$ cat work.cif   # mmCIF, C-alpha atoms
data_my_file
#
loop_
_atom_site.label_atom_id
_atom_site.label_comp_id
_atom_site.auth_asym_id
_atom_site.auth_seq_id
_atom_site.Cartn_x
_atom_site.Cartn_y
_atom_site.Cartn_z
CA MET A 30 0.00 0.00 0.00
CA GLN A 31 1.19 3.49 -0.82
CA ASP A 32 2.32 5.68 2.06
CA ILE A 33 -0.40 7.75 3.66
CA ILE A 34 0.88 11.31 3.46
CA PHE A 35 -1.07 14.20 4.95
CA SER A 36 -0.98 17.84 4.03
CA PRO A 37 1.01 20.17 6.27
CA TRP A 38 -0.81 21.38 9.38
CA ILE A 39 -3.07 24.34 8.56
CA ALA A 40 -4.38 26.76 11.18
CA TRP A 41 -8.08 26.21 11.84
CA ASN A 42 -8.92 29.78 10.83
CA LYS A 43 -7.26 29.14 7.41
CA ARG A 44 -8.95 25.80 6.75
CA ASN A 45 -10.98 27.29 3.88
CA SER A 46 -7.78 27.21 1.82
CA LEU A 47 -8.51 23.48 1.55
CA LYS A 48 -11.87 24.14 -0.12
CA ASN A 49 -10.82 22.84 -3.54
CA SER A 50 -9.44 19.60 -2.16
CA ASP A 51 -10.98 16.26 -2.96
CA PRO A 52 -14.14 15.99 -0.84
CA TRP A 53 -13.37 12.55 0.55
CA GLY A 54 -10.56 11.39 2.77
CA VAL A 55 -9.10 11.31 6.25
CA TYR A 56 -8.39 14.35 8.39
CA LEU A 57 -6.57 15.18 11.60
CA LEU A 58 -7.12 17.83 14.25
CA ALA A 59 -4.40 18.87 16.68
CA HIS A 60 -3.50 21.62 19.13
CA PHE A 61 0.00 23.08 18.70
CA ASP A 62 1.90 25.92 20.29
CA ASN A 63 4.67 25.41 17.72
CA VAL A 64 3.47 23.85 14.48
CA PRO A 65 5.84 21.26 12.99
CA GLU A 66 6.87 21.78 9.37
CA GLY A 67 6.22 19.32 6.57
CA SER A 68 3.53 16.67 6.29
CA ALA A 69 1.33 16.24 9.35
CA ASP A 70 2.09 13.24 11.52
CA PRO A 71 -1.10 11.46 12.63
CA GLN A 72 0.83 9.89 15.52
CA SER A 73 1.77 13.25 17.04
CA VAL A 74 0.87 13.43 20.71
CA GLU A 75 -0.89 16.73 19.93
CA THR A 76 -3.40 14.96 17.65
CA ILE A 77 -6.83 15.20 19.24
CA TYR A 78 -8.97 13.66 16.48
CA ILE A 79 -8.59 11.33 13.52
CA GLY A 80 -11.68 11.38 11.32
CA GLU A 81 -12.96 10.58 7.86
CA THR A 82 -15.48 11.82 5.38
CA THR A 83 -17.02 9.68 2.65
CA LYS A 84 -20.35 11.44 2.15
CA GLY A 85 -19.43 15.10 1.79
CA SER A 86 -16.62 17.59 1.77
CA PHE A 87 -14.12 18.14 4.56
CA SER A 88 -15.65 21.55 5.32
CA LYS A 89 -19.17 20.11 5.61
CA ARG A 90 -17.86 17.47 7.97
CA TRP A 91 -16.17 20.06 10.17
CA ARG A 92 -19.25 22.28 10.24
CA GLY A 93 -21.41 19.40 11.39
CA ARG A 94 -19.19 18.26 14.25
CA LYS A 95 -20.71 19.07 17.62
CA LYS A 96 -17.43 18.04 19.24
CA LEU A 97 -15.71 20.94 17.50
CA ILE A 98 -18.06 23.43 19.13
CA ASP A 99 -16.81 22.26 22.52
CA ILE A 100 -13.06 22.49 21.89
CA SER A 101 -10.82 25.51 21.92
CA LYS A 102 -10.09 26.87 18.45
CA ASP A 103 -6.92 28.47 19.81
CA ASN A 104 -3.90 26.75 18.32
CA LEU A 105 -6.19 24.26 16.53
CA HIS A 106 -4.78 22.90 13.28
CA VAL A 107 -6.09 20.57 10.62
CA ALA A 108 -4.44 18.31 8.06
CA ILE A 109 -6.01 16.22 5.31
CA PHE A 110 -5.28 13.10 3.34
CA PRO A 111 -7.51 13.38 0.27
CA VAL A 112 -8.26 10.04 -1.32
CA SER A 113 -7.56 11.38 -4.82
CA ASN A 114 -3.86 11.14 -4.04
CA MET A 115 -4.07 7.37 -3.92
CA GLU A 116 -3.05 5.00 -6.67
CA LEU A 117 -6.03 2.87 -5.63
CA LYS A 118 -8.50 5.31 -7.14
CA LYS A 119 -6.69 5.34 -10.51
CA GLU A 120 -6.39 1.56 -10.50
CA VAL A 121 -10.12 1.18 -9.84
CA GLU A 122 -11.00 3.76 -12.51
CA ASN A 123 -8.78 1.99 -15.06
CA ALA A 124 -10.31 -1.37 -14.19
CA VAL A 125 -13.82 0.10 -14.56
CA ASP A 126 -12.94 1.63 -17.94
CA GLU A 127 -11.50 -1.63 -19.22
CA PHE A 128 -14.47 -3.61 -17.91
CA LEU A 129 -16.90 -1.26 -19.68
CA LYS A 130 -15.03 -1.49 -22.97
CA GLN A 131 -15.01 -5.29 -22.88
CA ARG A 132 -18.63 -5.55 -21.75
CA CYS A 133 -19.89 -3.15 -24.41
CA LYS A 134 -17.96 -4.94 -27.16
CA LYS A 135 -19.59 -8.24 -26.18
CA SER A 136 -23.11 -6.91 -25.68
CA GLY A 137 -23.73 -5.12 -28.95
CA LYS A 138 -26.22 -2.92 -27.05
CA ASP A 139 -23.77 -0.18 -26.41
CA THR A 140 -25.90 2.72 -25.15
CA THR A 141 -28.42 0.98 -22.88
CA ILE A 142 -25.98 -1.48 -21.38
CA ARG A 143 -23.30 1.19 -21.06
CA LYS A 144 -25.56 3.50 -19.01
CA VAL A 145 -26.51 0.73 -16.60
CA LEU A 146 -22.93 -0.50 -16.33
CA ILE A 147 -21.50 2.96 -15.77
CA LYS A 148 -24.00 3.66 -13.00
CA ASN A 149 -23.31 0.32 -11.31
CA GLU A 150 -19.55 0.54 -11.68
CA LEU A 151 -19.41 4.09 -10.35
CA LYS A 152 -21.37 2.93 -7.31
CA GLU A 153 -18.91 0.04 -6.87
CA ARG A 154 -15.95 2.43 -7.17
CA ASP A 155 -17.48 4.67 -4.51
CA ILE A 156 -17.97 1.69 -2.20
CA LEU A 157 -14.32 0.67 -2.63
CA THR A 158 -13.12 4.22 -2.04
CA GLN A 159 -15.33 4.71 1.02
CA THR A 160 -14.21 1.39 2.49
CA PHE A 161 -10.57 2.28 1.93
CA ILE A 162 -11.00 5.66 3.66
CA LYS A 163 -12.65 4.01 6.68
CA TYR A 164 -9.81 1.47 6.80
CA VAL A 165 -7.17 4.24 6.80
CA GLU A 166 -8.97 6.12 9.59
CA ARG A 167 -9.21 3.01 11.80
CA LYS A 168 -5.63 1.97 11.01
CA LEU A 169 -4.34 5.38 12.09
CA ILE A 170 -6.40 5.31 15.29
CA TRP A 171 -5.07 1.82 16.05
CA GLU A 172 -1.47 2.96 15.49
CA TYR A 173 -2.08 5.95 17.78
CA VAL A 174 -3.47 3.67 20.51
CA LYS A 175 -0.49 1.32 20.21
CA LEU A 176 1.91 4.26 20.54
CA TRP A 177 0.17 6.29 23.29
CA GLY A 178 -1.99 3.71 25.08
CA LYS A 179 -5.20 5.67 24.45
CA ARG A 180 -7.30 7.09 21.63
CA PRO A 181 -6.93 10.71 20.53
CA ALA A 182 -8.93 12.84 23.00
CA LEU A 183 -11.99 13.28 20.75
CA ASN A 184 -12.07 9.74 19.27
CA LYS A 185 -14.49 8.14 21.72
CA GLU A 186 -15.83 5.18 19.74
#

$ encode --input "work.cif" --output "structure tokens"
Amino acid sequence: MQDIIFSPWIAWNKRNSLKNSDPWGVYLLAHFDNVPEGSADPQSVETIYIGETTKGSFSKRWRGRKKLIDISKDNLHVAIFPVSNMELKKEVENAVDEFLKQRCKKSGKDTTIRKVLIKNELKERDILTQTFIKYVERKLIWEYVKLWGKRPALNKE
């Protein structure tokens, strides 16, 4: 599996700079007095939450989090791992494209079959992508627990 590399830490009040990022992926929240440079480390002791979004954008997810209302926004930083950076997505898309080409060649009913197949295959691709994102989130939480002996402060389940 390809390395999971997060964006650099971004101050909470500048999170809108991430607006054009892929809407799905894994994100981190952390409190820092001195923000480390480079890619965010999900195993940092300052990490307070490891989360995912598979149904909407990062910003929608953050707006809807009651937990975020209760925490101090001072020194709060966010980092993201958008799923579009993964080879998995390209591999799945290529497999879907190849499958559609082969299926349409065999069927002879190009337009009708193609529409149904595209709809079904896009749904399958979304299921694979969503499952992968959930796996990454849980894997990172597990690694955090192994390192620190507890979950990040806001990861209760």

$ closest_residue --input "work.cif" --among "A:Lys43, A:Lys185, A:His60, A:Lys84" --to "A:Asp155" --atoms "only C-alpha atoms"
A:Lys84

$ closest_residue --input "work.cif" --among "A:Val112, A:Ile79, A:Ala40, A:Ile34" --to "A:Glu166" --atoms "only C-alpha atoms"
A:Ile79

$ residues_around --input "work.cif" --residues "A:Gly54" --least-positions-apart "4" --cutoff "6 Å" --atoms "only C-alpha atoms" --output "VMD selection string"
chain A and resid 81 to 82 110 to 112 162

$ closest_residue --input "work.cif" --among "A:Lys102, A:Val165, A:Asn45, A:Ala182" --to "A:Asp32" --atoms "only C-alpha atoms"
A:Val165

$ atom_distance --input "work.cif" --atom1 "atom CA of A:Ser46" --atom2 "atom CA of A:Pro65"
18.6 Å

$ closest_residue --input "work.cif" --among "A:Asn123, A:Ile156, A:Phe35, A:Lys179" --to "A:Pro71" --atoms "only C-alpha atoms"
A:Phe35

$ resolve_selection --input "work.cif" --expression "the PyMOL selection byres ((chain A and resi 61) around 10)" --output "number ranges by chain"
A: 38, 40, 58-60, 62-65, 74-76, 103-106

$ atom_distance --input "work.cif" --atom1 "atom CA of A:Trp53" --atom2 "atom CA of A:Glu127"
24.4 Å

$ closest_residue --input "work.cif" --among "A:Thr160, A:Ser36, A:Ser68, A:Asn184" --to "A:Gly80" --atoms "only C-alpha atoms"
A:Asn184

$ atom_distance --input "work.cif" --atom1 "atom CA of A:Gly67" --atom2 "atom CA of A:Trp177"
22.0 Å

$ closest_residue --input "work.cif" --among "A:Tyr56, A:Gln131, A:Ala108, A:Glu66" --to "A:Ile170" --atoms "all atoms listed in the file"
A:Tyr56

$ axis_aligned_box --input "work.cif" --around "stretch 171-182 of chain A" --padding-each-side "5 Å" --output "lines of an AutoDock Vina configuration file"
center_x = -3.5
center_y = 7.1
center_z = 20.3
size_x = 20.8
size_y = 21.5
size_z = 19.6
